[in-house]
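S.K.: Below is the structure I would like to discuss, written out as structure tokens.
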Amino acid sequence: MDRSSLFQLIQEQLDPENTGFIAVENFTSLVEHHELQLDPSKLDMLLALVQSNEEGQVCYQELIELMNSKRSSSFRRAIANGRRTLQREILLDETGLGLYKRFVRYVAYEILPCETDRRWYFHQNRLCPPPVFIAIVTIVQIIVFMCYGIILNKWVLQTYQPDFMKSPLVYHPGHRAQVWRFFSYMFMHVGLEQLGFNALLQLMIGVPLEMVHGILRISLLYMAGVLAGSLTVSITDMRAPVVGGSGGVYALCSAHLANVVMNWAGMRCPYKLLRMILALVCMSSEVGRAVWLRFSPPLPSSGPQPSFMAHLSGAVVGISMGLLILRSYEESLQKQCSWWVIVFSFITFLLFAIFWNIFAYELLGVQIPPPP
């Protein structure tokens with residue numbers, strides 16, 4: 001039975017008056033007496049949704065969305081609060097999986113806190129579209145770094161080379177009218193140590209997140225962290241330039257760590273406490289290194305060194321916007337009031353930052369170092 005025929009059968013036999021609701025007993029009978037072309041995980045979820053309803057009715061539209069691989073927040077609540085336990089074995093017990101499927105299972109247990117979500121992702125996962133955003137960003141960052149390393153003949157603390165700041169990619173307060181610099185600074189890095197740290201984190205955390213939540217949501221989160229980083233520096237550290245993708249990296253990492261903490265009991269990733277401590281130590285050390293370079297530069301420089309505020313603002317974006325994205329797996333963000341509150345807050349911050357950059361520097365008499 002194809003999907004359109006199934007939808008027609010459900011509506012004609014179980015909801016002939018178009019009330020929008022189907023009796024639980026009728027739908028259970030349909031499932032038991034017809035062959036549904038659904039994967040076992042989805043069929044189990046349909047039965048769990050039906051049997052968890054205390055009012056004896058199931059929303060027809062919710063069933064249609066589920067069978068079209070969409071899930072609403074009410075569906076997830078029904079599964080979470082339902083009395084029926086899904087009977088199939090958990091993913092860790094499945095055998096005979098190929099290399100790619102084992103990797104997908106590993107990603108599911110690394111990212112998702114609920115067994116139902118993990119099984120849903122495992123059965124729904126497809127290679128298309130592939131998680132290319134984080135990979136492309138990382139490759140471009142490495143290529144740009146290698147080009148400037150060859151040109152400057154310097155691989156550590158490149159910002160102390162005067163020609164480094166002449167790059168059209170670096171954010172410099174003297175060039176803030178060039179709007180692309182608020183984004184393009186993410187391709188430049190202080191040195192090999194910063195590039196290595198950022199590349200490692202965004203590949204280890206960003207790629208699995210992109211596989212689960214999709215390129216659109218993760219690229220939005222990463223770029224929001226990048227933009228918030230440069231705008232925050234332009235407000236709080238007005239004389240400093242910015243380089244590095246730390247705003248986007250810290251947005252991803254903070255969102256993931258916050259999600260792990262808030263769903264601690266449900267997360268099944270191994271050694272999660274040790275890994276959490278290690279991640280926090282590494283991220284704190286990177287912020288400390290950035291603060292040290294900003295206020296106590298080890299070498300003479302012609303102007304202020306890059307600011308560390310992008311790290312902190314990226315973390316704020318991750319804990320706010322990012323956490324909501326990660327907690328809304330396969331749910332529509334547009335239907336959530338909290339999402340619009342966060343979007344409104346970010347737009348308000350963006351407008352404030354634009355006006356600040358236009359008027360505040362002159363009104364406050366800030367002495368900006370001459371642009372290179």
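All residue names refer to the structure tokens as shown: chains lettered A, B, ... in order, residues numbered from 1 in each chain, ligands numbered from 1 in order.
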Can you list, as a list of chain:residue names, every protein, DNA or RNA residue that comes within 10 Å of Arg118 of chain A when you count only C-alpha atoms, leaving out same-chain residues fewer than 3 positions away?

M.R.: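 The contact residues come out as A:Ile90, A:Leu91, A:Val104, A:Arg105, A:Tyr106, A:Val107, A:Ala108, A:Tyr109, A:Glu110, A:Ile111, A:Leu112, A:Pro113, A:Cys114, A:Glu115, A:Tyr121, A:Phe122, A:His123, A:Gln124, A:Val212.
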
S.K.: As a PyMOL selection string, list the residues of segment 63-287 of chain A assigned to alpha helix (DSSP H) by DSSP on the backbone atoms of this structure.

M.R.: chain A and resi 63-67+73-81+99-111+115-124+133-152+181-184+192-201+207-213+215-236+246-262+272-287

S.K.: Please list as a ChimeraX atom specification every residue within 12 Å of segment 339-349 of chain A, counting only C-alpha atoms and excluding residues in the same chain fewer than 4 positions away.

M.R.: /A:220-221,224-225,227-229,231-232,235,313,316-328,331-335,353-356

S.K.: Please provide as a list in words all residues within 9 Å of segment 278-286 of chain A, with the sequence filter that same-chain residues fewer than 2 positions apart are discarded (counting only C-alpha atoms).

M.R.: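 So the residues in contact are Gln194, Phe197, Tyr250, Cys253, Leu257, Leu273, Leu274, Arg275, Met276, Gly288, Arg289, Ala290, Val291 and His311 of chain A.
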
S.K.: Any chance you could export the current selection's all heavy atoms as a compact mmCIF listing (two decimals), in the first residue's frame?

M.R.:
```txt
# COMPACT_ATOMS: atom_id res chain seq x y z
N GLN A 194 46.04 28.36 17.49
CA GLN A 194 44.62 28.71 17.47
C GLN A 194 43.89 27.96 16.37
O GLN A 194 42.78 27.46 16.57
CB GLN A 194 44.43 30.21 17.30
CG GLN A 194 42.97 30.64 17.44
CD GLN A 194 42.71 32.08 17.06
OE1 GLN A 194 43.47 32.67 16.28
NE2 GLN A 194 41.65 32.66 17.60
N PHE A 197 43.39 24.29 17.42
CA PHE A 197 42.38 24.14 18.46
C PHE A 197 40.98 24.29 17.86
O PHE A 197 40.10 23.45 18.10
CB PHE A 197 42.60 25.17 19.55
CG PHE A 197 41.59 25.14 20.64
CD1 PHE A 197 41.70 24.23 21.68
CD2 PHE A 197 40.52 26.03 20.65
CE1 PHE A 197 40.75 24.19 22.70
CE2 PHE A 197 39.57 26.00 21.66
CZ PHE A 197 39.69 25.07 22.69
N TYR A 250 32.87 28.37 19.62
CA TYR A 250 32.35 28.39 20.99
C TYR A 250 30.82 28.35 21.01
O TYR A 250 30.24 27.87 22.00
CB TYR A 250 32.87 29.63 21.74
CG TYR A 250 34.22 29.40 22.36
CD1 TYR A 250 35.33 29.13 21.58
CD2 TYR A 250 34.39 29.42 23.74
CE1 TYR A 250 36.58 28.91 22.14
CE2 TYR A 250 35.63 29.19 24.32
CZ TYR A 250 36.72 28.94 23.51
OH TYR A 250 37.94 28.70 24.08
N CYS A 253 30.25 24.51 20.62
CA CYS A 253 30.68 23.77 21.80
C CYS A 253 29.81 24.07 23.01
O CYS A 253 29.42 23.14 23.76
CB CYS A 253 32.15 24.08 22.11
SG CYS A 253 33.30 23.50 20.85
N LEU A 257 27.63 21.30 25.00
CA LEU A 257 27.90 21.02 26.42
C LEU A 257 26.69 21.33 27.29
O LEU A 257 26.38 20.57 28.22
CB LEU A 257 29.11 21.83 26.88
CG LEU A 257 30.46 21.46 26.23
CD1 LEU A 257 31.57 22.35 26.77
CD2 LEU A 257 30.80 19.99 26.46
N LEU A 273 31.61 12.53 31.84
CA LEU A 273 32.10 13.47 32.85
C LEU A 273 33.55 13.86 32.56
O LEU A 273 33.89 15.06 32.60
CB LEU A 273 31.99 12.84 34.24
CG LEU A 273 32.50 13.71 35.39
CD1 LEU A 273 31.74 15.03 35.45
CD2 LEU A 273 32.38 12.97 36.73
N LEU A 274 34.38 12.88 32.26
CA LEU A 274 35.78 13.18 31.95
C LEU A 274 35.89 14.06 30.72
O LEU A 274 36.67 15.02 30.69
CB LEU A 274 36.55 11.87 31.75
CG LEU A 274 38.03 12.01 31.36
CD1 LEU A 274 38.81 12.73 32.45
CD2 LEU A 274 38.62 10.63 31.08
N ARG A 275 35.12 13.76 29.72
CA ARG A 275 35.17 14.55 28.48
C ARG A 275 34.64 15.95 28.70
O ARG A 275 35.13 16.91 28.11
CB ARG A 275 34.39 13.82 27.38
CG ARG A 275 35.06 12.52 26.96
CD ARG A 275 34.13 11.62 26.20
NE ARG A 275 33.67 12.21 24.95
CZ ARG A 275 32.81 11.62 24.13
NH1 ARG A 275 32.32 10.43 24.46
NH2 ARG A 275 32.45 12.19 23.02
N MET A 276 33.62 16.08 29.53
CA MET A 276 33.09 17.41 29.85
C MET A 276 34.15 18.25 30.55
O MET A 276 34.37 19.42 30.19
CB MET A 276 31.85 17.26 30.74
CG MET A 276 31.31 18.56 31.31
SD MET A 276 30.45 19.55 30.08
CE MET A 276 28.97 18.54 29.85
N GLY A 288 41.92 32.02 28.22
CA GLY A 288 43.02 32.60 29.00
C GLY A 288 44.20 33.00 28.12
O GLY A 288 44.81 34.06 28.33
N ARG A 289 44.52 32.18 27.14
CA ARG A 289 45.60 32.52 26.22
C ARG A 289 45.27 33.78 25.42
O ARG A 289 46.13 34.65 25.22
CB ARG A 289 45.85 31.35 25.27
CG ARG A 289 47.07 31.51 24.36
CD ARG A 289 47.04 30.49 23.24
NE ARG A 289 45.93 30.73 22.35
CZ ARG A 289 45.99 31.55 21.30
NH1 ARG A 289 47.12 32.20 21.02
NH2 ARG A 289 44.95 31.73 20.53
N ALA A 290 44.00 33.89 24.99
CA ALA A 290 43.59 35.07 24.24
C ALA A 290 43.65 36.33 25.10
O ALA A 290 44.06 37.41 24.62
CB ALA A 290 42.18 34.86 23.68
N VAL A 291 43.24 36.23 26.37
CA VAL A 291 43.33 37.38 27.28
C VAL A 291 44.79 37.79 27.48
O VAL A 291 45.13 38.98 27.48
CB VAL A 291 42.67 37.05 28.63
CG1 VAL A 291 42.90 38.17 29.64
CG2 VAL A 291 41.17 36.79 28.45
N HIS A 311 35.16 34.97 21.85
CA HIS A 311 34.97 33.68 22.50
C HIS A 311 33.74 33.72 23.41
O HIS A 311 32.89 32.81 23.37
CB HIS A 311 36.19 33.32 23.35
CG HIS A 311 37.47 33.20 22.58
ND1 HIS A 311 38.11 34.30 22.02
CD2 HIS A 311 38.26 32.12 22.31
CE1 HIS A 311 39.22 33.90 21.43
NE2 HIS A 311 39.33 32.58 21.58
```

S.K.: Write out as number ranges by chain each polymer residue whose atoms come within 12 Å of segment 172-176 of chain A, counting only C-alpha atoms; drop sequence neighbours fewer than 4 positions from it.

M.R.: A: 164-168, 180-185, 230-243, 303-307, 353-354, 356-358, 361, 366-372

S.K.: To one decimal place, how far is atom CA of Ile139 of chain A from atom CA of Ala315 of chain A in Å?

M.R.: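 The value is 23.1 Å.
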
S.K.: Between atom CA of Ala135 of chain A and atom CA of Gly247 of chain A, what distance in Å does the model show, to one decimal?

M.R.: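 Going from atom CA of Ala135 of chain A over to atom CA of Gly247 of chain A, I get 16.8 Å.
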
S.K.: Determine the nearest neighbour of Pro129 of chain A from the options A:Leu363, A:Leu216, A:Val249, A:Lys272, counting only C-alpha atoms.

M.R.: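 Ranked by minimum distance to Pro129 of chain A, first place goes to A:Leu216.
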
S.K.: Suppose you want the space between atom CA of Ile215 of chain A and atom CA of Pro130 of chain A; what is it in Å?

M.R.: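 If I compute the distance from atom CA of Ile215 of chain A to atom CA of Pro130 of chain A, I get 8.3 Å.
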
S.K.: Find the residues around Leu195 of chain A up to 12 Å (only C-alpha atoms counted), leave out those fewer than 5 positions away in its own chain, and share them as a PyMOL selection string.

M.R.: chain A and resi 137-146+149+155-158+186-190+200-203+243-246+249+286

S.K.: Would you please work out which residue, of A:Gly191, A:Ser254, A:Phe295, A:Val226, is nearest to Asn153 of chain A when using only C-alpha atoms?

M.R.: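 The closest residue to Asn153 of chain A is A:Gly191.
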